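K.L.:
Dropping in input-v5.cif, with mmCIF, C-alpha atoms.
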data_entry
loop_
_atom_site.label_atom_id
_atom_site.label_comp_id
_atom_site.auth_asym_id
_atom_site.auth_seq_id
_atom_site.Cartn_x
_atom_site.Cartn_y
_atom_site.Cartn_z
CA MET A 1 -3.60 -18.34 14.56
CA THR A 2 -0.98 -18.53 17.31
CA ARG A 3 -1.20 -15.45 19.51
CA ILE A 4 2.32 -15.27 20.87
CA THR A 5 1.54 -11.87 22.38
CA GLU A 6 -1.00 -13.57 24.67
CA GLN A 7 1.28 -16.38 25.85
CA ASP A 8 2.45 -16.50 29.45
CA SER A 9 5.35 -14.24 30.41
CA HIS A 10 8.77 -15.82 30.75
CA TYR A 11 8.77 -14.40 34.28
CA ASN A 12 6.59 -15.31 37.24
CA HIS A 13 5.86 -14.05 40.75
CA LEU A 14 6.42 -10.49 39.57
CA GLU A 15 4.94 -9.20 42.81
CA LYS A 16 7.85 -10.72 44.70
CA MET A 17 10.49 -8.88 42.66
CA ASN A 18 12.13 -5.71 43.92
CA THR A 19 12.28 -2.62 41.71
CA GLN A 20 15.70 -3.37 40.27
CA GLU A 21 14.69 -6.91 39.35
CA ILE A 22 11.52 -5.70 37.64
CA LEU A 23 13.32 -3.03 35.62
CA SER A 24 16.17 -5.35 34.66
CA ALA A 25 13.73 -7.97 33.40
CA ILE A 26 11.75 -5.41 31.40
CA ASN A 27 15.00 -4.14 29.88
CA THR A 28 16.00 -7.67 28.96
CA GLU A 29 12.72 -8.13 27.11
CA ASP A 30 12.91 -4.72 25.44
CA LYS A 31 16.29 -5.62 23.92
CA LYS A 32 14.51 -8.27 21.89
CA VAL A 33 12.41 -5.68 20.05
CA ALA A 34 15.20 -4.31 17.84
CA VAL A 35 16.20 -7.85 16.88
CA ALA A 36 12.60 -8.66 15.91
CA ILE A 37 12.43 -5.50 13.78
CA GLU A 38 15.69 -6.38 12.06
CA LYS A 39 14.15 -9.67 10.95
CA ALA A 40 11.19 -7.73 9.52
CA LEU A 41 13.28 -5.18 7.57
CA PRO A 42 12.50 -6.68 4.14
CA SER A 43 8.75 -6.34 4.69
CA ILE A 44 9.14 -2.86 6.24
CA THR A 45 11.09 -1.85 3.14
CA GLN A 46 8.33 -3.10 0.85
CA LEU A 47 5.69 -1.24 2.87
CA SER A 48 7.70 1.98 2.78
CA GLU A 49 8.21 1.73 -0.97
CA ALA A 50 4.50 1.14 -1.52
CA VAL A 51 3.48 4.09 0.66
CA TYR A 52 6.04 6.34 -1.04
CA ALA A 53 4.70 5.37 -4.47
CA LYS A 54 1.26 6.65 -3.46
CA MET A 55 2.40 9.78 -1.60
CA ARG A 56 4.74 11.03 -4.33
CA ASN A 57 1.65 11.18 -6.56
CA GLY A 58 -0.38 13.18 -4.06
CA GLY A 59 -1.86 10.35 -2.03
CA ARG A 60 -2.37 10.31 1.71
CA LEU A 61 -1.41 7.81 4.41
CA PHE A 62 -4.08 6.61 6.84
CA TYR A 63 -3.53 4.65 10.05
CA ILE A 64 -6.36 2.68 11.64
CA GLY A 65 -6.10 0.99 15.02
CA SER A 66 -7.62 0.60 18.46
CA GLY A 67 -6.28 1.12 21.97
CA THR A 68 -2.51 1.50 22.17
CA SER A 69 -2.10 0.75 18.46
CA GLY A 70 -4.57 3.45 17.50
CA ARG A 71 -2.92 5.98 19.78
CA LEU A 72 0.49 5.22 18.30
CA GLY A 73 -0.86 5.91 14.83
CA ILE A 74 -2.29 9.23 15.95
CA VAL A 75 0.99 10.21 17.62
CA ASP A 76 2.98 9.45 14.47
CA ALA A 77 0.52 11.26 12.22
CA SER A 78 0.40 14.34 14.44
CA GLU A 79 4.19 14.72 14.47
CA ILE A 80 4.71 14.72 10.70
CA PRO A 81 3.41 18.24 9.88
CA PRO A 82 5.61 20.18 12.35
CA THR A 83 8.63 17.98 11.63
CA TYR A 84 8.48 18.12 7.85
CA GLY A 85 6.31 21.15 7.11
CA VAL A 86 3.59 19.18 5.31
CA ASP A 87 -0.18 19.60 5.45
CA PHE A 88 -1.99 18.22 8.49
CA ASP A 89 -4.15 15.99 6.30
CA LEU A 90 -1.27 14.18 4.61
CA VAL A 91 -0.88 11.52 7.33
CA ILE A 92 -4.06 10.79 9.27
CA GLY A 93 -4.46 8.61 12.36
CA ILE A 94 -7.88 7.14 13.14
CA ILE A 95 -8.69 5.28 16.36
CA ALA A 96 -11.64 3.02 17.11
CA GLY A 97 -14.09 4.97 19.25
CA GLY A 98 -13.05 8.36 17.88
CA ASP A 99 -11.01 11.08 19.55
CA ALA A 100 -12.50 10.28 22.96
CA ALA A 101 -10.65 6.95 22.83
CA ILE A 102 -7.29 8.72 22.77
CA ARG A 103 -7.57 9.33 26.51
CA LYS A 104 -10.19 6.83 27.64
CA ALA A 105 -11.00 3.34 26.35
CA GLN A 106 -14.33 3.15 24.52
CA GLU A 107 -15.96 -0.16 25.36
CA GLY A 108 -16.64 -2.38 22.36
CA ALA A 109 -15.36 0.10 19.78
CA GLU A 110 -12.67 -2.25 18.51
CA ASP A 111 -15.20 -5.02 17.88
CA ASP A 112 -17.13 -3.12 15.16
CA MET A 113 -15.94 -4.38 11.76
CA ALA A 114 -17.93 -1.78 9.81
CA GLN A 115 -16.92 1.40 11.61
CA ALA A 116 -13.39 1.84 10.25
CA TRP A 117 -14.63 2.20 6.68
CA ILE A 118 -17.24 4.71 7.86
CA ASP A 119 -14.45 6.65 9.58
CA LEU A 120 -12.25 6.51 6.48
CA GLN A 121 -15.06 7.70 4.23
CA SER A 122 -15.39 10.86 6.31
CA PHE A 123 -12.01 11.85 4.83
CA ASN A 124 -13.15 11.10 1.25
CA ILE A 125 -10.59 8.31 0.97
CA ASN A 126 -9.83 7.23 -2.58
CA THR A 127 -7.62 4.89 -4.61
CA ASN A 128 -4.69 7.31 -4.51
CA ASP A 129 -4.44 6.84 -0.73
CA PHE A 130 -2.89 4.09 1.41
CA VAL A 131 -4.25 2.49 4.60
CA VAL A 132 -2.07 0.87 7.27
CA GLY A 133 -3.75 -1.16 9.98
CA ILE A 134 -1.98 -1.34 13.34
CA SER A 135 -2.84 -4.28 15.61
CA ALA A 136 -0.64 -6.17 18.05
CA SER A 137 -2.89 -9.23 17.94
CA GLY A 138 -3.38 -9.12 14.19
CA SER A 139 -7.08 -9.83 14.67
CA THR A 140 -8.71 -6.57 15.85
CA PRO A 141 -12.15 -6.50 14.14
CA TYR A 142 -12.12 -2.71 13.63
CA VAL A 143 -8.81 -2.93 11.76
CA LEU A 144 -9.64 -6.15 9.92
CA GLY A 145 -12.94 -4.77 8.65
CA GLY A 146 -11.36 -1.49 7.60
CA LEU A 147 -8.64 -3.21 5.59
CA LYS A 148 -11.13 -5.57 3.94
CA ASP A 149 -13.33 -2.65 2.91
CA ALA A 150 -10.34 -0.66 1.67
CA ARG A 151 -9.24 -3.56 -0.51
CA HIS A 152 -12.80 -3.99 -1.77
CA HIS A 153 -12.60 -0.38 -2.97
CA SER A 154 -9.21 -0.96 -4.67
CA ILE A 155 -7.22 0.94 -2.03
CA LYS A 156 -3.73 -0.35 -1.22
CA THR A 157 -3.23 -1.61 2.33
CA GLY A 158 -0.53 -2.56 4.80
CA CYS A 159 -0.33 -3.58 8.42
CA ILE A 160 1.94 -3.73 11.45
CA VAL A 161 1.20 -6.76 13.64
CA CYS A 162 3.05 -8.75 16.29
CA ASN A 163 1.75 -12.26 15.73
CA PRO A 164 2.49 -14.61 12.83
CA GLU A 165 -0.09 -15.74 10.27
CA SER A 166 -2.76 -13.31 11.41
CA ALA A 167 -6.04 -12.49 9.67
CA ILE A 168 -5.00 -8.86 9.29
CA ALA A 169 -1.68 -9.80 7.66
CA ALA A 170 -3.53 -12.14 5.28
CA ILE A 171 -5.84 -9.36 4.06
CA SER A 172 -3.08 -6.73 3.66
CA HIS A 173 -1.17 -6.06 0.46
CA HIS A 174 1.99 -5.36 2.49
CA ALA A 175 2.17 -7.04 5.89
CA VAL A 176 4.82 -6.28 8.50
CA GLU A 177 5.01 -8.94 11.20
CA VAL A 178 7.29 -8.03 14.11
CA ILE A 179 7.23 -11.07 16.38
CA THR A 180 8.14 -9.67 19.79
CA GLY A 181 7.11 -12.69 21.85
CA PRO A 182 5.29 -12.89 25.20
CA GLU A 183 5.10 -9.69 27.22
CA PHE A 184 6.76 -9.22 30.61
CA VAL A 185 3.27 -8.80 32.08
CA THR A 186 1.25 -11.44 30.24
CA GLY A 187 -0.84 -9.91 27.45
CA SER A 188 0.23 -6.30 28.13
CA THR A 189 0.91 -5.42 24.49
CA ARG A 190 1.47 -1.75 25.27
CA MET A 191 4.96 -2.94 26.21
CA LYS A 192 7.14 -4.80 23.67
CA ALA A 193 4.50 -4.92 20.94
CA GLY A 194 3.72 -1.23 21.36
CA THR A 195 7.42 -0.36 21.31
CA ALA A 196 7.88 -2.36 18.11
CA GLN A 197 4.94 -0.66 16.44
CA LYS A 198 6.23 2.78 17.39
CA LEU A 199 9.68 1.99 15.97
CA VAL A 200 8.22 0.71 12.70
CA LEU A 201 6.03 3.80 12.38
CA ASN A 202 9.12 5.96 12.91
CA MET A 203 10.91 4.05 10.16
CA LEU A 204 7.97 4.20 7.78
CA THR A 205 7.22 7.91 7.84
CA THR A 206 10.84 9.00 8.22
CA SER A 207 11.94 7.01 5.19
CA VAL A 208 8.99 8.24 3.12
CA MET A 209 9.50 11.89 4.10
CA ILE A 210 13.22 11.69 3.26
CA ARG A 211 12.40 10.23 -0.15
CA LEU A 212 9.82 12.97 -0.70
CA GLY A 213 12.63 15.51 -0.31
CA LYS A 214 11.72 16.80 3.13
CA VAL A 215 15.27 16.40 4.47
CA GLN A 216 18.44 18.05 3.19
CA GLY A 217 21.70 16.49 4.30
CA ASN A 218 20.45 15.25 7.65
CA LYS A 219 18.38 18.32 8.57
CA MET A 220 14.64 18.96 8.82
CA VAL A 221 14.77 21.99 6.53
CA ASP A 222 10.97 22.22 6.17
CA MET A 223 10.07 22.06 9.87
CA ARG A 224 7.43 24.50 11.10
CA LEU A 225 8.77 27.20 13.44
CA SER A 226 6.05 26.47 15.98
CA ASN A 227 8.08 27.06 19.16
CA GLN A 228 11.29 28.62 20.40
CA LYS A 229 13.18 25.31 20.37
CA LEU A 230 12.53 24.86 16.66
CA VAL A 231 13.46 28.48 15.92
CA GLU A 232 16.76 27.90 17.72
CA ARG A 233 17.32 24.66 15.82
CA GLY A 234 16.70 26.38 12.49
CA THR A 235 18.97 29.26 13.49
CA LYS A 236 21.80 26.86 14.27
CA MET A 237 21.31 25.10 10.93
CA LEU A 238 21.79 28.38 9.07
CA MET A 239 24.75 29.37 11.25
CA ASN A 240 26.45 26.09 10.39
CA LEU A 241 25.58 26.29 6.71
CA TYR A 242 26.65 29.86 6.06
CA GLY A 243 28.85 30.90 8.96
CA TRP A 244 26.41 33.61 10.03
CA ASP A 245 26.15 34.84 13.58
CA ALA A 246 23.01 33.99 15.52
CA GLU A 247 21.31 37.35 15.03
CA ILE A 248 21.57 37.33 11.25
CA ALA A 249 20.61 33.64 10.99
CA LYS A 250 17.52 34.08 13.16
CA GLU A 251 16.46 37.22 11.28
CA LYS A 252 16.69 35.41 7.95
CA LEU A 253 14.86 32.37 9.30
CA LEU A 254 11.95 34.33 10.70
CA HIS A 255 11.70 36.45 7.56
CA PHE A 256 11.51 33.51 5.16
CA GLY A 257 9.68 31.09 7.47
CA SER A 258 11.84 27.99 7.04
CA VAL A 259 15.41 26.87 6.55
CA ARG A 260 14.56 25.66 3.04
CA ASN A 261 13.12 29.04 2.04
CA VAL A 262 16.31 30.76 3.16
CA ILE A 263 18.38 28.31 1.11
CA LEU A 264 16.18 28.78 -1.94
CA ASP A 265 16.40 32.55 -1.70
CA LEU A 266 20.18 32.41 -1.58
CA GLU A 267 20.27 30.11 -4.61
CA LYS A 268 18.32 32.56 -6.77
#
Written as structure tokens, that's how I'd like the structure from this file.

P.N.:
Amino acid sequence: MTRITEQDSHYNHLEKMNTQEILSAINTEDKKVAVAIEKALPSITQLSEAVYAKMRNGGRLFYIGSGTSGRLGIVDASEIPPTYGVDFDLVIGIIAGGDAAIRKAQEGAEDDMAQAWIDLQSFNINTNDFVVGISASGSTPYVLGGLKDARHHSIKTGCIVCNPESAIAAISHHAVEVITGPEFVTGSTRMKAGTAQKLVLNMLTTSVMIRLGKVQGNKMVDMRLSNQKLVERGTKMLMNLYGWDAEIAKEKLLHFGSVRNVILDLEK
């Protein structure tokens, strides 16, 4: 397998660059990420459709990854419940080394091929669920082992990787390969590869949640009112929808608990 993500940077003598030169070069490289994702849109579409097919029938979405990739999965999973008002166990992010690895690298955790399946079993994973492995290299043992075990148990799988022809892509039912090229700092896949993975995760869960009916028009009508910002956002939605003043809109919102509930009450 060719690990493009590990190839030498197109830039050298970085320590001799001034700040503007460094930032300009990073920006130049970052612009390539959207182009790489555009090339992968057909496979992202197939992955989204496959995940939606499971979730519309009550299945869950699991992410498995290590390091930056694992953290990105956890971030995406944690943002779905407040954004779309769904249960906290609908999208689940799992990182090699457990929760401690979110803040501090756990030595050797990513090299254990058996641990991901053990971690998945703790959530009583079953054939109605879907597992997406996230790995810039496409070869992380923790992710590879987890996907192999999931397939062995007839669970559908996908992946998001940044190298072509990887072992993880080969074992996945639905592989997304976003080829972002060498990093500005050689091998630092938290940069372009991490950005690409984050964008694909955004696309995946946003498209699935929209298709599950969690958006009306272009609004997050099921969002949880967990802070003042979201209360204000919901209030403005109702003001725009019904021409109410802020006081009435906020009173209705807080009484019914969500924008959707207000809409449903008015439709009775």

K.L.:
Which one is closest to Ala36 (chain A): A:Ile64, A:Met17, A:Val75, A:Val176? Count only C-alpha atoms.

P.N.:
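Going through A:Ile64, A:Met17, A:Val75, A:Val176 one by one, the smallest distance to Ala36 (chain A) is for A:Val176.
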
K.L.:
Please report, as a tab-separated table, each residue of region 68-174 of chain A lying at most 10 Å from region 223-243 of chain A, together with the nearest pair of atoms and the separation in Å rounded to one decimal; use all atoms listed in the file, and order rows by chain and ascending residue number.

P.N.:
residue	atom	partner	partner_atom	distance
A:Ile80	CA	A:Met223	CA	9.1
A:Pro81	CA	A:Arg224	CA	7.5
A:Pro82	CA	A:Arg224	CA	4.9
A:Thr83	CA	A:Met223	CA	4.7
A:Tyr84	CA	A:Met223	CA	4.7
A:Gly85	CA	A:Met223	CA	4.8
A:Val86	CA	A:Met223	CA	8.4

K.L.:
What's around Ala50 (chain A) at 9 Å? Count only C-alpha atoms, leave out sequence neighbours fewer than 5 positions away in its own chain, and write the answer as an MDAnalysis selection string.

P.N.:
chainID A and resid 45 55 130 156 158 174

K.L.:
So how far away is CA of Lys192 (chain A) from CA of Asn163 (chain A), in Å?

P.N.:
12.2 Å

K.L.:
Find, counting all atoms listed in the file, the residue in A:Ile210, A:Ala116, A:Ile179, A:Leu253 that gets nearest to Val35 (chain A).

P.N.:
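Distance minimum relative to Val35 (chain A) lands on A:Ile179.
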
K.L.:
For CA of Gly73 (chain A) and CA of Thr5 (chain A), determine how far apart the two atoms are, in Å to one decimal place.

P.N.:
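Taking CA of Gly73 (chain A) as the start and CA of Thr5 (chain A) as the end point, the length is 19.5 Å.
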
K.L.:
Do a neighbour search on Arg56 (chain A) at 10 Å with only C-alpha atoms, toss out local chain neighbours closer than 4 positions, and write the hits as a list in words.

P.N.:
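Counting only the stated atoms, we get Val51, Tyr52, Arg60, Val208, Met209, Arg211, Leu212 and Gly213 of chain A.
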
K.L.:
Given the file shown, enumerate the residues that the PyMOL selection byres ((chain A and resi 99) around 12) captures and present them as a list in words.

P.N.:
Ser66, Gly67, Gly70, Arg71, Ile74, Gly93, Ile94, Ile95, Ala96, Gly97, Gly98, Ala100, Ala101, Ile102, Arg103, Lys104, Ala105, Gln106, Ala109 and Asp119 of chain A

K.L.:
What's around Thr140 (chain A) at 10 Å? Count only C-alpha atoms, leave out sequence neighbours fewer than 5 positions away in its own chain, and write the answer as a list in words.

P.N.:
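Residues near the query, excluding close chain neighbours: Gly65, Ser66, Glu110, Asp111, Asp112, Met113, Gly133, Ile134, Ser135, Gly145, Ala167 and Ile168 of chain A.
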
K.L.:
Since I can't run it myself right now, could you work out what the PyMOL selection byres ((chain A and resi 181) around 12) selects here and report it as number ranges by chain?

P.N.:
A: 2-10, 29-33, 35-36, 136-137, 161-164, 177-180, 182-189, 191-194, 196

K.L.:
Enter the distance from CA of Val143 (chain A) to CA of Asn124 (chain A), in Å, rounded to one decimal.

P.N.:
18.1 Å

K.L.:
Report the residues retrieved by the PyMOL selection byres ((chain A and resi 128) around 8) from the displayed file, expressed as a PyMOL selection string.

P.N.:
chain A and resi 54+57-60+126-127+129-130+155

K.L.:
Would you write out those residues with C-alpha atoms, as a PDB file, keeping the file's coordinate frame?

P.N.:
ATOM      1  CA  LYS A  54       1.260   6.650  -3.460  1.00  0.00           C
ATOM      2  CA  ASN A  57       1.650  11.180  -6.560  1.00  0.00           C
ATOM      3  CA  GLY A  58      -0.380  13.180  -4.060  1.00  0.00           C
ATOM      4  CA  GLY A  59      -1.860  10.350  -2.030  1.00  0.00           C
ATOM      5  CA  ARG A  60      -2.370  10.310   1.710  1.00  0.00           C
ATOM      6  CA  ASN A 126      -9.830   7.230  -2.580  1.00  0.00           C
ATOM      7  CA  THR A 127      -7.620   4.890  -4.610  1.00  0.00           C
ATOM      8  CA  ASP A 129      -4.440   6.840  -0.730  1.00  0.00           C
ATOM      9  CA  PHE A 130      -2.890   4.090   1.410  1.00  0.00           C
ATOM     10  CA  ILE A 155      -7.220   0.940  -2.030  1.00  0.00           C
TER      11      ILE A 155
END

K.L.:
Contacts between region 146-151 of chain A and region 156-177 of chain A, please, where a residue of region 156-177 of chain A counts if it comes within 7 Å (with all atoms listed in the file); show its shortest atom pair and distance in Å to one decimal, rows by chain and ascending number, as a tab-separated table.

P.N.:
residue	atom	partner	partner_atom	distance
A:Lys156	CA	A:Arg151	CA	6.4
A:Thr157	CA	A:Leu147	CA	6.5
A:Ile171	CA	A:Lys148	CA	6.5
A:Ser172	CA	A:Leu147	CA	6.9

K.L.:
Could you tell me which of A:Ile125, A:Ile26, A:Ala175, A:Ala114 comes closest to Gln46 (chain A) if we count only C-alpha atoms?

P.N.:
A:Ala175
